[in-house]
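Asks: My structure file entry-v5.tsv, TSV, C-alpha atoms, is below:
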chain	number	residue	atom	x	y	z
A	1	MET	CA	0.00	0.00	0.00
A	2	SER	CA	1.28	3.49	-0.79
A	3	ASP	CA	1.53	6.38	1.66
A	4	LEU	CA	-1.72	7.09	3.44
A	5	SER	CA	-3.39	10.48	3.16
A	6	ARG	CA	-5.88	11.68	5.72
A	7	ILE	CA	-8.99	13.54	4.58
A	8	GLY	CA	-11.98	15.03	6.32
A	9	VAL	CA	-15.50	14.37	5.10
A	10	ALA	CA	-18.68	16.13	6.19
A	11	ILE	CA	-21.68	13.78	6.22
A	12	ASP	CA	-25.24	14.26	7.42
A	13	SER	CA	-25.65	12.58	10.83
A	14	ASP	CA	-28.54	10.36	9.69
A	15	LEU	CA	-26.59	9.21	6.64
A	16	LEU	CA	-23.52	8.48	8.78
A	17	HIS	CA	-25.63	6.45	11.21
A	18	LYS	CA	-27.04	4.37	8.33
A	19	PHE	CA	-23.54	3.97	6.92
A	20	ASP	CA	-22.22	2.78	10.29
A	21	GLN	CA	-25.04	0.22	10.50
A	22	TYR	CA	-24.32	-0.94	6.96
A	23	ILE	CA	-20.58	-1.37	7.50
A	24	GLY	CA	-21.19	-3.09	10.83
A	25	GLN	CA	-23.45	-5.63	9.12
A	26	ARG	CA	-20.81	-6.19	6.45
A	27	GLY	CA	-18.12	-6.82	9.08
A	28	TYR	CA	-15.98	-3.72	8.65
A	29	THR	CA	-14.09	-2.74	11.78
A	30	ASN	CA	-13.58	0.88	10.70
A	31	ARG	CA	-14.98	3.47	8.32
A	32	SER	CA	-11.72	3.96	6.45
A	33	GLU	CA	-11.68	0.52	4.84
A	34	ALA	CA	-15.38	0.82	3.97
A	35	PHE	CA	-14.72	4.18	2.25
A	36	ARG	CA	-11.73	2.70	0.39
A	37	ASP	CA	-13.89	-0.20	-0.85
A	38	LEU	CA	-16.61	2.17	-2.06
A	39	ILE	CA	-14.02	4.20	-3.94
A	40	ARG	CA	-12.50	1.04	-5.47
A	41	ASP	CA	-15.96	-0.12	-6.57
A	42	ALA	CA	-16.65	3.22	-8.23
A	43	LEU	CA	-13.29	3.16	-10.05
A	44	ILE	CA	-13.78	-0.43	-11.23
A	45	GLU	CA	-17.30	0.41	-12.43
A	46	LYS	CA	-15.89	3.35	-14.40
A	47	THR	CA	-13.26	1.07	-15.95
A	48	ALA	CA	-15.92	-1.47	-16.94
A	49	GLU	CA	-17.87	1.26	-18.75
A	50	LYS	CA	-15.01	1.65	-21.26
A	51	PRO	CA	-15.64	-0.94	-24.02
A	52	ASP	CA	-11.94	-1.60	-24.67
A	53	SER	CA	-10.82	-1.92	-21.05
A	54	ILE	CA	-9.77	-5.38	-19.90
A	55	VAL	CA	-12.07	-6.83	-17.25
A	56	VAL	CA	-12.54	-10.07	-15.39
A	57	GLY	CA	-16.04	-11.28	-14.66
A	58	THR	CA	-18.01	-14.09	-13.16
A	59	LEU	CA	-21.18	-15.08	-14.94
A	60	THR	CA	-23.64	-17.16	-12.95
A	61	LEU	CA	-26.38	-19.01	-14.81
A	62	VAL	CA	-29.25	-21.15	-13.48
A	63	TYR	CA	-31.11	-23.25	-16.01
A	64	ASP	CA	-33.28	-26.32	-16.48
A	65	HIS	CA	-31.10	-28.90	-18.20
A	66	HIS	CA	-34.21	-30.66	-19.53
A	67	VAL	CA	-34.87	-27.79	-21.96
A	68	ARG	CA	-34.20	-29.32	-25.36
A	69	LEU	CA	-30.60	-28.77	-26.53
A	70	LEU	CA	-30.02	-25.96	-24.00
A	71	SER	CA	-26.83	-27.47	-22.56
A	72	ASP	CA	-25.51	-27.97	-26.10
A	73	ARG	CA	-26.32	-24.36	-27.06
A	74	LEU	CA	-24.65	-22.94	-23.95
A	75	THR	CA	-21.55	-25.09	-24.52
A	76	ALA	CA	-21.38	-24.13	-28.20
A	77	MET	CA	-21.57	-20.43	-27.32
A	78	GLN	CA	-18.72	-20.89	-24.86
A	79	HIS	CA	-16.63	-22.67	-27.49
A	80	ASP	CA	-17.36	-19.88	-29.99
A	81	HIS	CA	-15.85	-17.43	-27.48
A	82	PHE	CA	-13.23	-19.70	-25.90
A	83	HIS	CA	-10.75	-16.81	-25.82
A	84	LEU	CA	-12.98	-15.09	-23.20
A	85	VAL	CA	-13.62	-18.16	-21.04
A	86	LEU	CA	-10.94	-18.88	-18.43
A	87	SER	CA	-12.86	-21.52	-16.50
A	88	THR	CA	-16.29	-22.99	-15.85
A	89	LEU	CA	-17.94	-24.75	-12.96
A	90	HIS	CA	-21.06	-26.85	-13.39
A	91	VAL	CA	-23.20	-27.86	-10.41
A	92	HIS	CA	-26.31	-30.05	-10.39
A	93	LEU	CA	-28.70	-28.23	-8.04
A	94	ASP	CA	-31.45	-30.83	-8.18
A	95	HIS	CA	-33.00	-33.26	-10.66
A	96	ASN	CA	-33.95	-30.46	-13.08
A	97	ASN	CA	-31.76	-27.44	-12.41
A	98	CYS	CA	-28.10	-26.68	-12.98
A	99	LEU	CA	-25.91	-23.80	-11.94
A	100	GLU	CA	-23.01	-22.81	-14.11
A	101	VAL	CA	-20.35	-20.26	-13.23
A	102	LEU	CA	-18.05	-18.94	-15.92
A	103	ILE	CA	-14.93	-16.90	-15.29
A	104	LEU	CA	-14.49	-14.51	-18.20
A	105	LYS	CA	-11.64	-12.19	-19.15
A	106	GLY	CA	-11.40	-9.79	-22.06
A	107	LYS	CA	-12.52	-6.43	-23.34
A	108	ALA	CA	-15.49	-5.13	-21.36
A	109	ALA	CA	-17.77	-4.92	-24.39
A	110	ALA	CA	-17.01	-8.50	-25.48
A	111	VAL	CA	-17.48	-9.90	-21.97
A	112	GLN	CA	-20.80	-8.06	-21.59
A	113	LYS	CA	-22.01	-9.17	-25.03
A	114	MET	CA	-21.21	-12.82	-24.30
A	115	ALA	CA	-22.88	-12.65	-20.89
A	116	ASP	CA	-25.99	-11.06	-22.39
A	117	ALA	CA	-26.18	-13.76	-25.07
A	118	LEU	CA	-25.90	-16.58	-22.52
A	119	ILE	CA	-28.34	-15.01	-20.05
A	120	SER	CA	-30.95	-14.38	-22.76
A	121	THR	CA	-30.79	-17.93	-24.12
A	122	LYS	CA	-34.21	-19.58	-23.95
A	123	GLY	CA	-34.31	-21.87	-20.93
A	124	VAL	CA	-31.90	-19.88	-18.76
A	125	MET	CA	-33.96	-18.92	-15.71
A	126	HIS	CA	-31.51	-16.49	-14.16
A	127	GLY	CA	-28.14	-15.01	-14.90
A	128	ARG	CA	-25.91	-12.34	-13.45
A	129	LEU	CA	-22.56	-10.91	-14.51
A	130	THR	CA	-20.24	-9.42	-11.92
A	131	ILE	CA	-17.31	-7.49	-13.31
A	132	THR	CA	-14.05	-6.44	-11.72
A	133	SER	CA	-10.70	-5.26	-12.96
A	134	PRO	CA	-7.74	-7.65	-13.13
A	135	GLY	CA	-5.68	-4.82	-11.61
A	136	ALA	CA	-8.35	-3.70	-9.16
A	137	ALA	CA	-7.61	-0.33	-7.59
A	138	SER	CA	-5.63	-0.82	-4.40
Please go through the file and, once you have read it, give me the structure as structure tokens.

Replies:
Amino acid sequence: MSDLSRIGVAIDSDLLHKFDQYIGQRGYTNRSEAFRDLIRDALIEKTAEKPDSIVVGTLTLVYDHHVRLLSDRLTAMQHDHFHLVLSTLHVHLDHNNCLEVLILKGKAAAVQKMADALISTKGVMHGRLTITSPGAAS
């Protein structure tokens, strides 16, 4: 970590109380680390908005594997974009439903486009992409 700088921040008392409750529930032991994490999140989000920036993401999909050819379609889409897929994890949730987690890396626009295509595939019940930066702000 680089040299620390101290700053002062003026916050409405009610907002600070809510913030303290929030960070307590999340397990933070002090406000400073919570503020640093919020700033990192904002910077990573800004990076992910740039289509050519390199991002890392996890895509979580839940789907019914009994939907005709769905598993084959999802696998084919992953093979078509193998250069974005670092790893996958497949879990059988119950007799009908599967959970798949993909770790993706590439240009933000390409990662988002692939995630959107997989999530919108007929038979996928739920999907969510979470993006971060491979060099996340420290």

Asks: Find the spatial neighbours of range 11-19 of chain A, counting all atoms listed in the file, within a cut-off of 9 Å - ignore same-chain residues fewer than 4 positions away - and output them as a VMD selection string.

Replies: chain A and resid 23 to 24 31

Asks: Name the closest residue to Thr58 in chain A among the candidates A:Val85, A:Ile39, A:Ala10, A:Leu4; distances are taken between atoms, counting only C-alpha atoms.

Replies: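 Of A:Val85, A:Ile39, A:Ala10, A:Leu4, the one nearest Thr58 in chain A is A:Val85, counting only C-alpha atoms.
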
Asks: Residues near Asp64 in chain A, anyone? I mean within 7 Å using all atoms listed in the file, not counting same-chain ones fewer than 3 positions away, as number ranges by chain.

Replies: A: 67, 96-98, 123-124

Asks: Which polymer residues have any atom within 12 Å of an atom of Val55 in chain A, counting all atoms listed in the file, with same-chain residues fewer than 3 positions away left out, as a PDB file with C-alpha atoms, in the coordinates of the input?

Replies:
ATOM      1  CA  ILE A  44     -13.780  -0.430 -11.230  1.00  0.00           C
ATOM      2  CA  GLU A  45     -17.300   0.410 -12.430  1.00  0.00           C
ATOM      3  CA  LYS A  46     -15.890   3.350 -14.400  1.00  0.00           C
ATOM      4  CA  THR A  47     -13.260   1.070 -15.950  1.00  0.00           C
ATOM      5  CA  ALA A  48     -15.920  -1.470 -16.940  1.00  0.00           C
ATOM      6  CA  GLU A  49     -17.870   1.260 -18.750  1.00  0.00           C
ATOM      7  CA  LYS A  50     -15.010   1.650 -21.260  1.00  0.00           C
ATOM      8  CA  PRO A  51     -15.640  -0.940 -24.020  1.00  0.00           C
ATOM      9  CA  ASP A  52     -11.940  -1.600 -24.670  1.00  0.00           C
ATOM     10  CA  THR A  58     -18.010 -14.090 -13.160  1.00  0.00           C
ATOM     11  CA  LEU A  84     -12.980 -15.090 -23.200  1.00  0.00           C
ATOM     12  CA  ILE A 103     -14.930 -16.900 -15.290  1.00  0.00           C
ATOM     13  CA  LEU A 104     -14.490 -14.510 -18.200  1.00  0.00           C
ATOM     14  CA  LYS A 105     -11.640 -12.190 -19.150  1.00  0.00           C
ATOM     15  CA  GLY A 106     -11.400  -9.790 -22.060  1.00  0.00           C
ATOM     16  CA  LYS A 107     -12.520  -6.430 -23.340  1.00  0.00           C
ATOM     17  CA  ALA A 108     -15.490  -5.130 -21.360  1.00  0.00           C
ATOM     18  CA  ALA A 109     -17.770  -4.920 -24.390  1.00  0.00           C
ATOM     19  CA  ALA A 110     -17.010  -8.500 -25.480  1.00  0.00           C
ATOM     20  CA  VAL A 111     -17.480  -9.900 -21.970  1.00  0.00           C
ATOM     21  CA  GLN A 112     -20.800  -8.060 -21.590  1.00  0.00           C
ATOM     22  CA  LEU A 129     -22.560 -10.910 -14.510  1.00  0.00           C
ATOM     23  CA  THR A 130     -20.240  -9.420 -11.920  1.00  0.00           C
ATOM     24  CA  ILE A 131     -17.310  -7.490 -13.310  1.00  0.00           C
ATOM     25  CA  THR A 132     -14.050  -6.440 -11.720  1.00  0.00           C
ATOM     26  CA  SER A 133     -10.700  -5.260 -12.960  1.00  0.00           C
ATOM     27  CA  PRO A 134      -7.740  -7.650 -13.130  1.00  0.00           C
ATOM     28  CA  GLY A 135      -5.680  -4.820 -11.610  1.00  0.00           C
ATOM     29  CA  ALA A 136      -8.350  -3.700  -9.160  1.00  0.00           C
TER      30      ALA A 136
END

Asks: Provide the CA of Leu61 in chain A to CA of His126 in chain A distance in Å, to one decimal place.

Replies: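 Separation between CA of Leu61 in chain A and CA of His126 in chain A: 5.8 Å.
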
Asks: Have a look at A:Leu59, A:Leu93, A:Thr88, A:Arg73 and name the one nearest to Lys113 in chain A; count all atoms listed in the file.

Replies: A:Leu59

Asks: Given the point (-20.2, -25.2, -11.2) in the coordinates of this file, which residues lie within 10 Å, counting all atoms listed in the file, and how would they look as a PyMOL selection string?

Replies: chain A and resi 60-61+87-93+98-102

Asks: Could you tell me how far CA of Leu70 in chain A sits from CA of Thr121 in chain A, in Å to one decimal place?

Replies: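 Value for the CA of Thr121 in chain A-CA of Leu70 in chain A distance: 8.1 Å.
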
Asks: Which is closest to Ser5 in chain A among A:Gln25, A:Arg36, A:Asp72, A:Leu118, if we use all atoms listed in the file?

Replies: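 That would be A:Arg36, the residue with the smallest distance to Ser5 in chain A.
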
Asks: CA of Met125 in chain A to CA of His65 in chain A: how many Å, to one decimal?

Replies: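 Those two atoms sit 10.7 Å apart.
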
Asks: Would you please work out which residue, of A:Met114, A:Arg128, A:Arg6, A:Leu43, is nearest to Asp80 in chain A when using only C-alpha atoms?

Replies: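 Looking only at the distances to Asp80 in chain A, the closest residue turns out to be A:Met114.
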
Asks: List the spatial neighbours of Phe35 in chain A as an MDAnalysis selection string - criterion: any atom at most 12 Å away, all atoms listed in the file, same-chain residues fewer than 2 positions off excluded.

Replies: chainID A and resid 7:9 16 19:20 22:23 28:33 37:42
